[in-house]
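With mmCIF, C-alpha atoms inside, this is structure.cif:
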data_start
#
loop_
_atom_site.label_atom_id
_atom_site.label_comp_id
_atom_site.auth_asym_id
_atom_site.auth_seq_id
_atom_site.Cartn_x
_atom_site.Cartn_y
_atom_site.Cartn_z
CA MET A 234 -78.17 -192.14 152.09
CA LYS A 235 -79.51 -190.72 155.33
CA ASN A 236 -82.60 -192.19 156.99
CA ILE A 237 -85.59 -189.99 156.28
CA ASP A 238 -87.69 -188.99 159.29
CA ILE A 239 -91.01 -188.29 157.63
CA GLN A 240 -92.50 -186.28 160.53
CA THR A 241 -89.46 -184.00 160.71
CA LEU A 242 -89.59 -183.54 156.93
CA ILE A 243 -93.31 -182.65 157.08
CA SER A 244 -92.79 -180.16 159.92
CA GLU A 245 -90.04 -178.45 157.92
CA TYR A 246 -91.81 -178.77 154.57
CA PRO A 247 -95.61 -179.00 155.04
CA LEU A 248 -96.06 -179.49 151.28
CA VAL A 249 -94.60 -183.01 151.70
CA LYS A 250 -97.79 -184.02 153.53
CA ARG A 251 -99.80 -183.13 150.42
CA LEU A 252 -97.44 -185.19 148.27
CA ILE A 253 -97.91 -188.15 150.62
CA ASN A 254 -101.70 -187.69 150.32
CA LEU A 255 -101.32 -187.85 146.50
CA ASP A 256 -102.93 -184.41 146.17
CA ASP A 257 -102.59 -182.32 143.03
CA VAL A 258 -99.83 -179.92 144.10
CA THR A 259 -98.42 -176.79 142.47
CA TRP A 260 -95.25 -175.26 143.87
CA PHE A 261 -93.52 -172.20 142.47
CA ASN A 262 -89.85 -171.87 143.26
CA PRO A 263 -89.15 -168.92 145.59
CA ALA A 264 -85.41 -169.24 144.88
CA ILE A 265 -85.54 -168.71 141.10
CA THR A 266 -82.77 -166.47 139.83
CA THR A 267 -81.76 -164.85 136.57
CA LEU A 268 -79.98 -166.87 133.90
CA GLU A 269 -76.77 -164.98 134.67
CA GLU A 270 -76.93 -165.94 138.36
CA GLY A 271 -78.08 -169.52 137.75
CA LEU A 272 -75.78 -170.48 134.87
CA PRO A 273 -72.58 -171.09 136.91
CA TYR A 274 -74.35 -173.87 138.86
CA VAL A 275 -75.04 -175.85 135.67
CA GLY A 276 -71.36 -176.35 134.82
CA LEU A 277 -72.13 -176.14 131.09
CA ASN A 278 -72.48 -173.20 128.72
CA ALA A 279 -73.59 -172.09 125.27
CA GLY A 280 -70.30 -173.32 123.79
CA ASN A 281 -71.06 -176.86 124.95
CA VAL A 282 -74.50 -176.69 123.33
CA LYS A 283 -72.99 -175.35 120.09
CA ASP A 284 -70.57 -178.30 120.11
CA ALA A 285 -73.56 -180.66 120.39
CA GLU A 286 -75.34 -178.89 117.50
CA ASP A 287 -72.23 -179.22 115.34
CA ARG A 288 -71.90 -182.93 116.12
CA LEU A 289 -75.53 -183.58 115.15
CA ASN A 290 -74.95 -181.67 111.91
CA ARG A 291 -71.92 -183.86 111.15
CA PHE A 292 -74.05 -186.98 111.64
CA ALA A 293 -76.96 -185.70 109.53
CA PRO A 294 -75.73 -187.35 106.26
CA TYR A 295 -75.42 -190.69 108.10
CA LEU A 296 -78.91 -190.40 109.61
CA CYS A 297 -80.38 -189.61 106.17
CA GLN A 298 -79.08 -192.95 104.93
CA ALA A 299 -79.68 -195.05 108.03
CA PHE A 300 -83.18 -193.66 108.69
CA PRO A 301 -84.78 -192.50 105.41
CA GLU A 302 -87.63 -190.90 107.39
CA THR A 303 -85.16 -188.17 108.41
CA GLN A 304 -84.49 -187.16 104.80
CA VAL A 305 -87.32 -184.59 104.84
CA THR A 306 -85.35 -182.66 107.51
CA ASN A 307 -81.95 -183.42 105.95
CA GLY A 308 -80.98 -185.78 108.75
CA ILE A 309 -81.87 -183.39 111.57
CA ILE A 310 -84.14 -184.97 114.21
CA GLU A 311 -86.69 -182.26 114.92
CA SER A 312 -90.43 -181.91 115.64
CA GLU A 313 -93.08 -179.42 114.62
CA VAL A 314 -94.94 -176.90 116.77
CA VAL A 315 -98.72 -176.80 116.35
CA SER A 316 -101.47 -174.57 117.72
CA LEU A 317 -104.19 -176.02 120.01
CA PRO A 318 -107.11 -173.55 119.71
CA ASN A 319 -109.84 -176.10 120.49
CA MET A 320 -107.93 -177.72 123.34
CA GLN A 321 -107.26 -174.29 124.85
CA LYS A 322 -111.01 -173.66 125.10
CA THR A 323 -111.51 -177.12 126.62
CA LEU A 324 -108.80 -176.46 129.24
CA GLU A 325 -110.46 -173.17 130.18
CA GLN A 326 -113.83 -174.89 130.61
CA ARG A 327 -112.38 -177.89 132.47
CA TYR A 328 -110.43 -175.86 135.01
CA GLY A 329 -112.63 -172.76 135.16
CA VAL A 330 -109.84 -170.36 134.34
CA ASN A 331 -109.10 -167.92 131.54
CA ILE A 332 -105.85 -168.85 129.77
CA ALA A 333 -104.54 -165.61 128.31
CA GLY A 334 -102.23 -165.90 125.31
CA LYS A 335 -101.91 -168.93 123.03
CA VAL A 336 -101.48 -172.65 123.78
CA LEU A 337 -99.15 -174.58 121.46
CA LEU A 338 -97.83 -178.15 121.36
CA LYS A 339 -94.23 -179.19 120.70
CA LYS A 340 -94.55 -182.60 119.06
CA ASP A 341 -91.47 -184.43 120.33
CA SER A 342 -94.03 -187.23 120.56
CA HIS A 343 -93.57 -187.64 116.82
CA LEU A 344 -89.80 -187.31 116.47
CA PRO A 345 -88.39 -189.77 113.92
CA ILE A 346 -86.58 -193.01 114.85
CA SER A 347 -88.09 -193.49 118.32
CA GLY A 348 -91.17 -191.24 118.63
CA SER A 349 -90.27 -189.44 121.86
CA ILE A 350 -88.21 -186.64 123.40
CA LYS A 351 -85.54 -189.28 124.15
CA ALA A 352 -84.65 -189.26 120.46
CA ARG A 353 -82.83 -186.02 121.27
CA GLY A 354 -80.55 -187.04 124.14
CA GLY A 355 -80.42 -190.81 123.70
CA ILE A 356 -79.49 -190.80 120.03
CA TYR A 357 -77.04 -187.94 120.61
CA GLU A 358 -75.14 -189.83 123.31
CA VAL A 359 -74.85 -192.96 121.13
CA LEU A 360 -73.57 -190.87 118.21
CA THR A 361 -71.06 -189.10 120.48
CA HIS A 362 -69.70 -192.44 121.66
CA ALA A 363 -69.55 -193.85 118.11
CA GLU A 364 -67.70 -190.77 116.84
CA LYS A 365 -65.15 -191.00 119.64
CA LEU A 366 -64.43 -194.70 118.98
CA ALA A 367 -64.15 -194.20 115.20
CA ILE A 368 -61.84 -191.18 115.51
CA GLN A 369 -59.62 -192.92 118.10
CA ALA A 370 -59.30 -195.90 115.75
CA GLY A 371 -58.23 -193.61 112.89
CA LEU A 372 -61.31 -194.54 110.84
CA LEU A 373 -62.94 -191.10 110.80
CA THR A 374 -62.11 -187.39 110.97
CA GLU A 375 -64.55 -184.59 111.76
CA GLN A 376 -64.00 -183.14 108.28
CA GLU A 377 -65.25 -186.26 106.44
CA ASP A 378 -68.71 -187.12 105.17
CA TYR A 379 -70.23 -189.14 108.00
CA SER A 380 -72.45 -191.11 105.63
CA LYS A 381 -69.41 -193.41 105.35
CA LEU A 382 -70.48 -194.82 108.74
CA PHE A 383 -73.44 -196.45 107.01
CA SER A 384 -71.42 -199.44 105.84
CA ASP A 385 -70.66 -203.06 106.72
CA ALA A 386 -67.10 -202.07 107.61
CA PHE A 387 -68.24 -199.69 110.33
CA ARG A 388 -70.95 -202.07 111.57
CA THR A 389 -68.26 -204.73 111.97
CA PHE A 390 -66.03 -202.25 113.79
CA PHE A 391 -68.77 -201.19 116.24
CA SER A 392 -69.79 -204.83 116.84
CA GLN A 393 -66.69 -205.22 119.03
CA TYR A 394 -68.29 -202.81 121.50
CA SER A 395 -71.46 -202.88 123.57
CA ILE A 396 -73.80 -200.30 125.12
CA ALA A 397 -76.02 -200.69 128.19
CA VAL A 398 -78.79 -198.50 129.62
CA GLY A 399 -81.54 -198.69 132.25
CA SER A 400 -84.91 -197.34 131.17
CA THR A 401 -88.65 -197.14 131.77
CA GLY A 402 -89.12 -197.35 128.01
CA ASN A 403 -88.49 -194.35 125.76
CA LEU A 404 -84.80 -193.79 126.48
CA GLY A 405 -84.24 -197.51 125.93
CA MET A 406 -86.03 -197.25 122.58
CA SER A 407 -83.84 -194.41 121.37
CA ILE A 408 -80.57 -195.90 122.54
CA GLY A 409 -81.46 -199.45 121.51
CA ILE A 410 -82.56 -198.60 117.96
CA MET A 411 -79.66 -196.19 117.32
CA SER A 412 -76.98 -198.48 118.80
CA ALA A 413 -78.21 -201.54 116.92
CA LYS A 414 -78.31 -199.61 113.63
CA LEU A 415 -74.66 -198.59 114.04
CA GLY A 416 -73.69 -202.20 114.81
CA PHE A 417 -73.20 -202.10 118.58
CA SER A 418 -74.27 -204.98 120.77
CA VAL A 419 -76.83 -203.29 123.04
CA SER A 420 -78.67 -204.27 126.24
CA VAL A 421 -81.61 -202.30 127.58
CA HIS A 422 -82.44 -203.01 131.23
CA MET A 423 -86.16 -202.29 131.57
CA SER A 424 -88.19 -201.69 134.69
CA ALA A 425 -91.48 -203.41 135.48
CA ASP A 426 -93.56 -200.44 134.28
CA ALA A 427 -92.11 -200.45 130.75
CA ARG A 428 -94.75 -201.18 128.12
CA GLU A 429 -94.68 -204.59 126.46
CA TRP A 430 -94.87 -203.13 122.95
CA LYS A 431 -91.69 -201.13 123.60
CA LYS A 432 -89.86 -204.31 124.62
CA GLN A 433 -91.11 -206.10 121.50
CA LYS A 434 -90.08 -203.22 119.23
CA LEU A 435 -86.58 -203.24 120.69
CA ARG A 436 -86.25 -206.99 120.25
CA SER A 437 -87.33 -206.63 116.62
CA HIS A 438 -84.29 -204.38 116.13
CA GLY A 439 -81.97 -207.00 117.60
CA VAL A 440 -81.70 -205.39 121.03
CA ASN A 441 -81.15 -207.52 124.14
CA VAL A 442 -83.98 -206.56 126.54
CA VAL A 443 -83.46 -207.46 130.20
CA GLU A 444 -86.63 -207.26 132.28
CA TYR A 445 -87.00 -206.56 136.02
CA GLU A 446 -89.91 -206.83 138.40
CA GLN A 447 -88.65 -203.74 140.23
CA ASP A 448 -88.70 -200.09 139.23
CA TYR A 449 -86.43 -197.80 137.25
CA GLY A 450 -83.74 -197.49 139.94
CA VAL A 451 -83.03 -201.24 139.91
CA ALA A 452 -82.90 -201.38 136.09
CA VAL A 453 -80.32 -198.56 136.05
CA GLU A 454 -78.24 -200.22 138.76
CA GLN A 455 -78.13 -203.52 136.87
CA GLY A 456 -77.20 -201.78 133.62
CA ARG A 457 -74.36 -200.03 135.42
CA LYS A 458 -73.12 -203.34 136.84
CA GLU A 459 -73.10 -204.99 133.42
CA ALA A 460 -70.94 -202.19 132.03
CA GLU A 461 -68.51 -202.31 134.96
CA SER A 462 -67.73 -205.97 134.27
CA ASP A 463 -66.92 -205.39 130.58
CA PRO A 464 -64.25 -202.84 129.52
CA ASN A 465 -65.79 -202.65 126.03
CA CYS A 466 -69.26 -201.85 127.40
CA PHE A 467 -70.36 -198.22 127.61
CA PHE A 468 -73.09 -197.42 130.15
CA ILE A 469 -75.43 -194.52 129.36
CA ASP A 470 -76.37 -192.95 132.68
CA ASP A 471 -79.73 -191.19 132.46
CA GLU A 472 -79.30 -189.85 135.99
CA ASN A 473 -75.94 -188.11 135.61
CA SER A 474 -74.96 -187.86 131.95
CA GLN A 475 -73.93 -184.39 130.76
CA THR A 476 -73.82 -185.75 127.19
CA LEU A 477 -77.50 -186.74 127.29
CA PHE A 478 -78.30 -183.37 128.85
CA LEU A 479 -76.55 -181.54 126.00
CA GLY A 480 -78.35 -183.63 123.39
CA TYR A 481 -81.64 -182.39 124.80
CA SER A 482 -80.43 -178.79 125.14
CA VAL A 483 -80.04 -178.37 121.36
CA ALA A 484 -83.84 -178.00 121.29
CA GLY A 485 -83.57 -174.40 122.56
CA GLN A 486 -81.98 -172.73 119.54
CA ARG A 487 -84.04 -174.87 117.18
CA LEU A 488 -87.26 -173.73 118.85
CA LYS A 489 -86.07 -170.14 118.64
CA LYS A 490 -85.67 -170.58 114.87
CA GLN A 491 -89.12 -172.22 114.59
CA PHE A 492 -90.72 -169.35 116.53
CA SER A 493 -88.97 -166.84 114.28
CA GLU A 494 -90.42 -168.59 111.22
CA MET A 495 -93.87 -168.65 112.89
CA LYS A 496 -93.58 -164.92 113.76
CA ILE A 497 -93.86 -165.70 117.49
CA THR A 498 -92.16 -163.08 119.66
CA VAL A 499 -90.56 -163.94 123.00
CA ASP A 500 -89.40 -160.95 125.07
CA ASP A 501 -90.20 -159.17 128.33
CA THR A 502 -93.71 -158.28 127.19
CA HIS A 503 -94.29 -161.59 125.38
CA PRO A 504 -93.40 -164.28 127.98
CA LEU A 505 -92.99 -167.94 127.06
CA PHE A 506 -94.13 -170.72 129.41
CA VAL A 507 -92.96 -174.24 128.72
CA TYR A 508 -94.48 -177.27 130.45
CA LEU A 509 -92.22 -180.32 130.56
CA PRO A 510 -93.17 -183.79 131.84
CA CYS A 511 -90.44 -184.95 134.23
CA GLY A 512 -89.13 -188.43 135.08
CA VAL A 513 -85.53 -188.62 136.30
CA GLY A 514 -85.02 -185.08 134.96
CA GLY A 515 -82.45 -185.41 132.17
CA GLY A 516 -84.78 -184.71 129.24
CA PRO A 517 -86.74 -181.79 130.68
CA GLY A 518 -83.63 -180.44 132.43
CA GLY A 519 -81.61 -180.40 129.22
CA VAL A 520 -84.44 -178.86 127.20
CA ALA A 521 -85.01 -176.22 129.90
CA PHE A 522 -81.29 -175.38 129.88
CA GLY A 523 -81.33 -174.96 126.10
CA LEU A 524 -84.47 -172.82 126.32
CA LYS A 525 -82.89 -170.58 128.95
CA LEU A 526 -79.84 -170.06 126.75
CA ALA A 527 -82.10 -169.29 123.78
CA PHE A 528 -84.67 -167.01 125.43
CA GLY A 529 -83.04 -165.91 128.70
CA ASP A 530 -85.28 -164.82 131.55
CA ASN A 531 -88.28 -164.46 129.22
CA VAL A 532 -88.89 -168.23 129.26
CA HIS A 533 -90.45 -169.85 132.29
CA CYS A 534 -89.99 -173.62 132.57
CA ILE A 535 -92.36 -175.75 134.66
CA PHE A 536 -91.92 -179.48 135.41
CA ALA A 537 -94.96 -181.80 135.56
CA GLU A 538 -95.02 -185.12 137.46
CA PRO A 539 -97.55 -187.83 138.37
CA THR A 540 -98.90 -187.73 141.93
CA HIS A 541 -97.40 -191.20 142.42
CA SER A 542 -93.89 -190.20 141.23
CA PRO A 543 -93.17 -186.58 142.30
CA CYS A 544 -89.43 -187.19 142.64
CA MET A 545 -88.08 -183.89 141.28
CA LEU A 546 -90.57 -181.74 143.19
CA LEU A 547 -89.73 -183.67 146.38
CA GLY A 548 -85.97 -183.44 145.83
CA VAL A 549 -85.82 -179.74 144.95
CA HIS A 550 -88.43 -178.57 147.49
CA THR A 551 -86.66 -180.27 150.40
CA GLY A 552 -83.15 -179.62 149.09
CA LEU A 553 -82.40 -183.34 149.45
CA HIS A 554 -82.34 -183.99 145.69
CA ASP A 555 -81.20 -187.60 145.06
CA HIS A 556 -80.87 -188.24 148.80
CA VAL A 557 -84.63 -188.80 149.04
CA SER A 558 -87.00 -190.98 147.01
CA VAL A 559 -90.78 -191.00 146.84
CA GLN A 560 -90.67 -194.48 148.41
CA ASP A 561 -88.90 -192.96 151.44
CA ILE A 562 -92.07 -190.99 152.20
CA GLY A 563 -94.44 -193.88 151.48
CA ILE A 564 -95.41 -193.19 147.85
CA ASP A 565 -95.46 -196.29 145.63
CA ASN A 566 -94.00 -194.85 142.37
CA ILE A 567 -96.62 -196.77 140.37
CA THR A 568 -98.10 -194.74 137.52
CA ALA A 569 -99.61 -195.24 134.06
CA ALA A 570 -97.16 -192.56 132.88
CA ASP A 571 -94.39 -195.10 132.36
CA GLY A 572 -91.85 -192.51 131.19
CA LEU A 573 -92.30 -190.63 134.46
CA ALA A 574 -92.25 -193.64 136.81
CA VAL A 575 -89.10 -192.59 138.65
CA GLY A 576 -88.75 -192.61 142.43
CA ARG A 577 -85.47 -190.72 142.78
CA ALA A 578 -84.59 -187.65 140.71
CA SER A 579 -81.26 -186.94 139.08
CA GLY A 580 -79.05 -185.17 141.60
CA PHE A 581 -77.10 -183.60 138.75
CA VAL A 582 -80.16 -182.07 137.10
CA GLY A 583 -81.84 -181.05 140.36
CA ARG A 584 -78.80 -179.19 141.63
CA ALA A 585 -77.81 -177.75 138.23
CA MET A 586 -81.26 -176.44 137.29
CA GLU A 587 -83.08 -175.67 140.56
CA ARG A 588 -82.41 -171.91 140.28
CA LEU A 589 -83.60 -171.79 136.67
CA LEU A 590 -86.95 -173.59 136.96
CA ASP A 591 -90.04 -171.58 137.85
CA GLY A 592 -92.11 -174.36 139.31
CA TYR A 593 -93.38 -177.91 139.58
CA TYR A 594 -96.78 -179.53 139.77
CA THR A 595 -98.37 -182.96 140.05
CA LEU A 596 -101.48 -184.50 138.51
CA SER A 597 -103.26 -187.85 138.69
CA ASP A 598 -103.05 -190.68 136.17
CA GLN A 599 -106.76 -190.35 135.42
CA GLU A 600 -106.29 -186.67 134.60
CA MET A 601 -103.57 -187.61 132.06
CA TYR A 602 -105.87 -190.20 130.47
CA ASP A 603 -108.76 -187.72 130.33
CA LEU A 604 -106.58 -185.06 128.70
CA LEU A 605 -105.34 -187.70 126.24
CA GLY A 606 -108.93 -188.34 125.20
CA LEU A 607 -109.79 -184.64 125.01
CA LEU A 608 -106.73 -183.83 122.88
CA ASN A 609 -107.64 -186.62 120.47
CA ARG A 610 -111.26 -185.40 120.34
CA ASP A 611 -110.41 -181.69 119.93
CA GLU A 612 -107.24 -181.74 117.82
CA GLY A 613 -106.92 -185.30 116.47
CA ILE A 614 -103.53 -185.71 118.16
CA LYS A 615 -102.69 -188.98 119.91
CA LEU A 616 -100.09 -189.07 122.71
CA GLU A 617 -99.09 -191.52 125.43
CA PRO A 618 -100.31 -190.73 128.98
CA SER A 619 -97.03 -189.27 130.29
CA ALA A 620 -96.96 -186.75 127.42
CA LEU A 621 -100.18 -185.18 128.72
CA ALA A 622 -98.62 -184.20 132.05
CA GLY A 623 -97.70 -180.81 130.59
CA MET A 624 -101.25 -180.08 129.38
CA VAL A 625 -102.46 -178.93 132.81
CA GLY A 626 -99.72 -176.33 132.99
CA PRO A 627 -101.40 -173.32 131.34
CA SER A 628 -104.33 -173.52 133.76
CA ARG A 629 -102.07 -173.89 136.84
CA ILE A 630 -100.04 -170.81 135.81
CA SER A 631 -103.12 -168.76 134.93
CA ALA A 632 -104.78 -169.51 138.28
CA ASN A 633 -101.79 -168.55 140.44
CA THR A 634 -102.00 -164.78 140.90
CA GLU A 635 -99.32 -164.76 143.65
CA TYR A 636 -96.74 -166.26 141.28
CA LEU A 637 -97.74 -163.97 138.40
CA GLN A 638 -97.47 -160.87 140.59
CA ARG A 639 -94.13 -161.93 142.09
CA MET A 640 -92.67 -162.45 138.60
CA ASN A 641 -94.17 -159.15 137.35
CA LEU A 642 -96.24 -161.06 134.78
CA THR A 643 -98.96 -158.45 134.36
CA PRO A 644 -102.33 -159.14 132.69
CA GLU A 645 -101.08 -157.14 129.69
CA LYS A 646 -98.03 -159.39 129.35
CA MET A 647 -100.10 -162.55 129.82
CA GLU A 648 -102.40 -161.52 126.97
CA GLN A 649 -99.33 -161.81 124.73
CA ALA A 650 -97.95 -164.98 126.31
CA THR A 651 -97.14 -168.25 124.57
CA HIS A 652 -97.84 -171.50 126.44
CA LEU A 653 -95.89 -174.42 124.98
CA VAL A 654 -96.83 -177.94 126.12
CA TRP A 655 -93.92 -180.30 125.44
CA ALA A 656 -95.36 -183.59 124.16
CA THR A 657 -92.74 -186.14 125.14
CA GLY A 658 -93.97 -189.40 123.59
CA GLY A 659 -96.70 -191.29 121.79
CA GLY A 660 -95.93 -191.18 118.07
CA MET A 661 -95.09 -194.88 117.87
CA VAL A 662 -97.78 -196.31 120.16
CA PRO A 663 -99.49 -199.26 118.37
CA GLN A 664 -103.14 -198.72 117.42
CA GLU A 665 -104.50 -201.36 119.78
CA GLU A 666 -102.53 -199.84 122.68
CA MET A 667 -103.76 -196.36 121.83
CA ALA A 668 -107.33 -197.66 121.76
CA LYS A 669 -106.85 -198.85 125.36
CA TYR A 670 -105.55 -195.44 126.42
CA LEU A 671 -108.51 -193.71 124.80
CA ALA A 672 -110.94 -196.14 126.40
CA THR A 673 -109.55 -195.20 129.83
CA ALA A 674 -110.32 -191.52 129.27
CA LYS A 675 -113.48 -190.22 130.93
CA ILE A 676 -114.70 -187.46 128.62
#

Represent the supplied structure as structure tokens.
Amino acid sequence: MKNIDIQTLISEYPLVKRLINLDDVTWFNPAITTLEEGLPYVGLNAGNVKDAEDRLNRFAPYLCQAFPETQVTNGIIESEVVSLPNMQKTLEQRYGVNIAGKVLLKKDSHLPISGSIKARGGIYEVLTHAEKLAIQAGLLTEQEDYSKLFSDAFRTFFSQYSIAVGSTGNLGMSIGIMSAKLGFSVSVHMSADAREWKKQKLRSHGVNVVEYEQDYGVAVEQGRKEAESDPNCFFIDDENSQTLFLGYSVAGQRLKKQFSEMKITVDDTHPLFVYLPCGVGGGPGGVAFGLKLAFGDNVHCIFAEPTHSPCMLLGVHTGLHDHVSVQDIGIDNITAADGLAVGRASGFVGRAMERLLDGYYTLSDQEMYDLLGLLNRDEGIKLEPSALAGMVGPSRISANTEYLQRMNLTPEKMEQATHLVWATGGGMVPQEEMAKYLATAKI
């Protein structure tokens, strides 16, 4: 890592000064390209995503048995899309801007098993690893009914192996619960900002939770070290895992199918804007990749970050990616949005996706709490603070005429636009914890 000279960075990139000041910042990417031009930089393609879809379909009979709550979707872990008519009016009043088109919510907050977007990538990576081990041992073929994995024999087999991960909370929940159910010995290395209830929930599933007083980066490093010392331990790397990324990317085609059923058109005259809360970048990056494959250049993906943890915006804007952290420029990386409390972005995701993301913005913790309260008041939907990061997006887009003109997003097109806020977590927050969140909202 090179030493960061803050003054030189600011002179080259004046926006960095605003990040240091913890201002609300919106930055639209001047280097955005078409899907065709940007795709080669990702290193993955539609065939890889199809492979991930097929694997999840193979595991569906197992998931139906292991997690009965998935039976309603035949073992497919998916969330609904809902309209937010009242919240849309509230956003217009709050920010003094007309939001043309419709605002919707993608409720990954309420995905089964772990109640967050991480149920996509985290569970997928554990299943991929389990399949590989079982096939190598001659215990499984891809043609068989995978419900056979729900047995004492397979739990005993997987108990020889262990899995480790570093997490701020939600990824640890997904990987811990899934790994323990299969029979793996699993350790989740959790950073200081992880919520206590998440640690308790993991322990109740038989997961070994290792706590740190430092942030996410340290938890990941320690998880990696544990795996290096044990040949039977598999480390799930949130920062660089293509498998996690592909697990998230399956969301694209599924959303396309949901929109088709809802009679929602996405094309050149009906643009789609998707607002994704961003931590290290794996979840939103993978989802954005899947969306781009599904909708092409008619989908515009925007990443949202807390003012205290703007790691992806900082990395992409300066071109330094994982060679700079928010701490390097004097930001503390302390935020109520625990899932987004990441100081250094994924270099893999930043470099792979920077040409395919329209923009990035930051918002304060208090704003997330306030929006949490307003969403509960207007729509009766309860999310955790980090999941509200995307809710500011429609107003930031609507207010930026320079961006809209540059992208040829005319008023006529915007009237037919769909704004999709990706709700990343909150479905499993205990009532008493949710009451504290709501009490923090100033509405």

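Applied to this file, the PyMOL selection byres ((chain A and resi 443) around 9) selects the residues Ser420, Val421, His422, Met423, Ser424, Asn441, Val442, Glu444, Tyr445 and Ala452 of chain A.
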
Write the residues of the preceding selection, restricted to C-alpha atoms, as a PDB file, in the frame of the given file.
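What landed in result-v6.pdb:
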ATOM      1  CA  SER A 420     -78.670-204.270 126.240  1.00  0.00           C
ATOM      2  CA  VAL A 421     -81.610-202.300 127.580  1.00  0.00           C
ATOM      3  CA  HIS A 422     -82.440-203.010 131.230  1.00  0.00           C
ATOM      4  CA  MET A 423     -86.160-202.290 131.570  1.00  0.00           C
ATOM      5  CA  SER A 424     -88.190-201.690 134.690  1.00  0.00           C
ATOM      6  CA  ASN A 441     -81.150-207.520 124.140  1.00  0.00           C
ATOM      7  CA  VAL A 442     -83.980-206.560 126.540  1.00  0.00           C
ATOM      8  CA  GLU A 444     -86.630-207.260 132.280  1.00  0.00           C
ATOM      9  CA  TYR A 445     -87.000-206.560 136.020  1.00  0.00           C
ATOM     10  CA  ALA A 452     -82.900-201.380 136.090  1.00  0.00           C
TER      11      ALA A 452
END

Close residues, Gln447 of chain A itself excluded, 12 Å, all atoms listed in the file, min 4 positions apart in chain, as a list in words: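 The filter keeps Gly399, Ser400, Thr401, His422, Met423, Ser424, Ala425, Asp426, Ala427, Val443, Val451, Ala452, Val453, Glu454, Gln455, Asp565, Asn566, Ile567, Ala574, Val575 and Gly576 of chain A.
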
Point-to-point distance in Å for atom CA of His343 of chain A and atom CA of Gln599 of chain A: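 Taking atom CA of Gln599 of chain A and atom CA of His343 of chain A, their separation equals 23.0 Å.
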
Test item: residues at most 12 Å from Asn609 of chain A, only C-alpha atoms, excluding those fewer than 5 positions along its chain, as a count of residues only: 21

Taking 4 positions as the minimum chain separation for residues in the same chain, which residues sit within 9 Å of segment 382-390 of chain A when counting all atoms listed in the file? Answer as a PDB file with C-alpha atoms, keeping the file's coordinate frame.
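Below is the file that was written, part_13.pdb:
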ATOM      1  CA  TYR A 295     -75.420-190.690 108.100  1.00  0.00           C
ATOM      2  CA  LEU A 296     -78.910-190.400 109.610  1.00  0.00           C
ATOM      3  CA  GLN A 298     -79.080-192.950 104.930  1.00  0.00           C
ATOM      4  CA  ALA A 299     -79.680-195.050 108.030  1.00  0.00           C
ATOM      5  CA  ALA A 367     -64.150-194.200 115.200  1.00  0.00           C
ATOM      6  CA  LEU A 372     -61.310-194.540 110.840  1.00  0.00           C
ATOM      7  CA  LEU A 373     -62.940-191.100 110.800  1.00  0.00           C
ATOM      8  CA  ASP A 378     -68.710-187.120 105.170  1.00  0.00           C
ATOM      9  CA  TYR A 394     -68.290-202.810 121.500  1.00  0.00           C
ATOM     10  CA  LYS A 414     -78.310-199.610 113.630  1.00  0.00           C
ATOM     11  CA  LEU A 415     -74.660-198.590 114.040  1.00  0.00           C
ATOM     12  CA  GLY A 416     -73.690-202.200 114.810  1.00  0.00           C
ATOM     13  CA  PHE A 417     -73.200-202.100 118.580  1.00  0.00           C
TER      14      PHE A 417
END

Residues matched by the PyMOL selection byres ((chain A and resi 526) around 12), written as a PyMOL selection string: chain A and resi 267-269+271-272+275+277-283+479+482-489+519-525+527-533+589

Selection dump of the PyMOL selection byres ((chain A and resi 351) around 8), as number ranges by chain: A: 347, 349-350, 352-356, 403-404, 407, 481, 516, 657

Selection: 10 Å around Gly552 of chain A, all atoms listed in the file, excl. self and same-chain fewer than 4 positions, as a PyMOL selection string: chain A and resi 546-548+556-557+583-584+587

Atom CA of Thr241 of chain A to atom CA of Ile564 of chain A, distance in Å rounded to a single decimal: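 We find that atom CA of Thr241 of chain A and atom CA of Ile564 of chain A lie 16.9 Å from each other.
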
Best match for closeness to Ala293 of chain A among A:Ser380, A:Thr568, A:Thr502, A:Ser342, counting all atoms listed in the file: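 Smallest distance to Ala293 of chain A is found for A:Ser380.
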
Interatomic distance (Å, one decimal) between atom CA of Ile410 of chain A and atom CA of Leu509 of chain A: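 Pair atom CA of Ile410 of chain A / atom CA of Leu509 of chain A returns 24.2 Å.
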
Expected answer as a VMD selection string: all residues with atoms within 10 Å of (-92.4, -179.9, 110.7), only C-alpha atoms: chain A and resid 305 to 306 311 to 315 340 343 to 344 491

Contact residues around Trp430 of chain A with only C-alpha atoms at 9 Å, ignoring same-chain residues under 5 positions, as a PyMOL selection string: chain A and resi 435+662-663+666

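The smallest atom-to-atom distance between Gly606 of chain A and any of A:Ser412, A:Thr540, A:Lys669, A:Ile253, using all atoms listed in the file, is found for A:Lys669.
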
From A:Asn262, A:Lys646, A:Leu653, A:Asp470, residue lying nearest Asp591 of chain A [all atoms listed in the file]: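 Ranking A:Asn262, A:Lys646, A:Leu653, A:Asp470 by distance to Asp591 of chain A, first place goes to A:Asn262.
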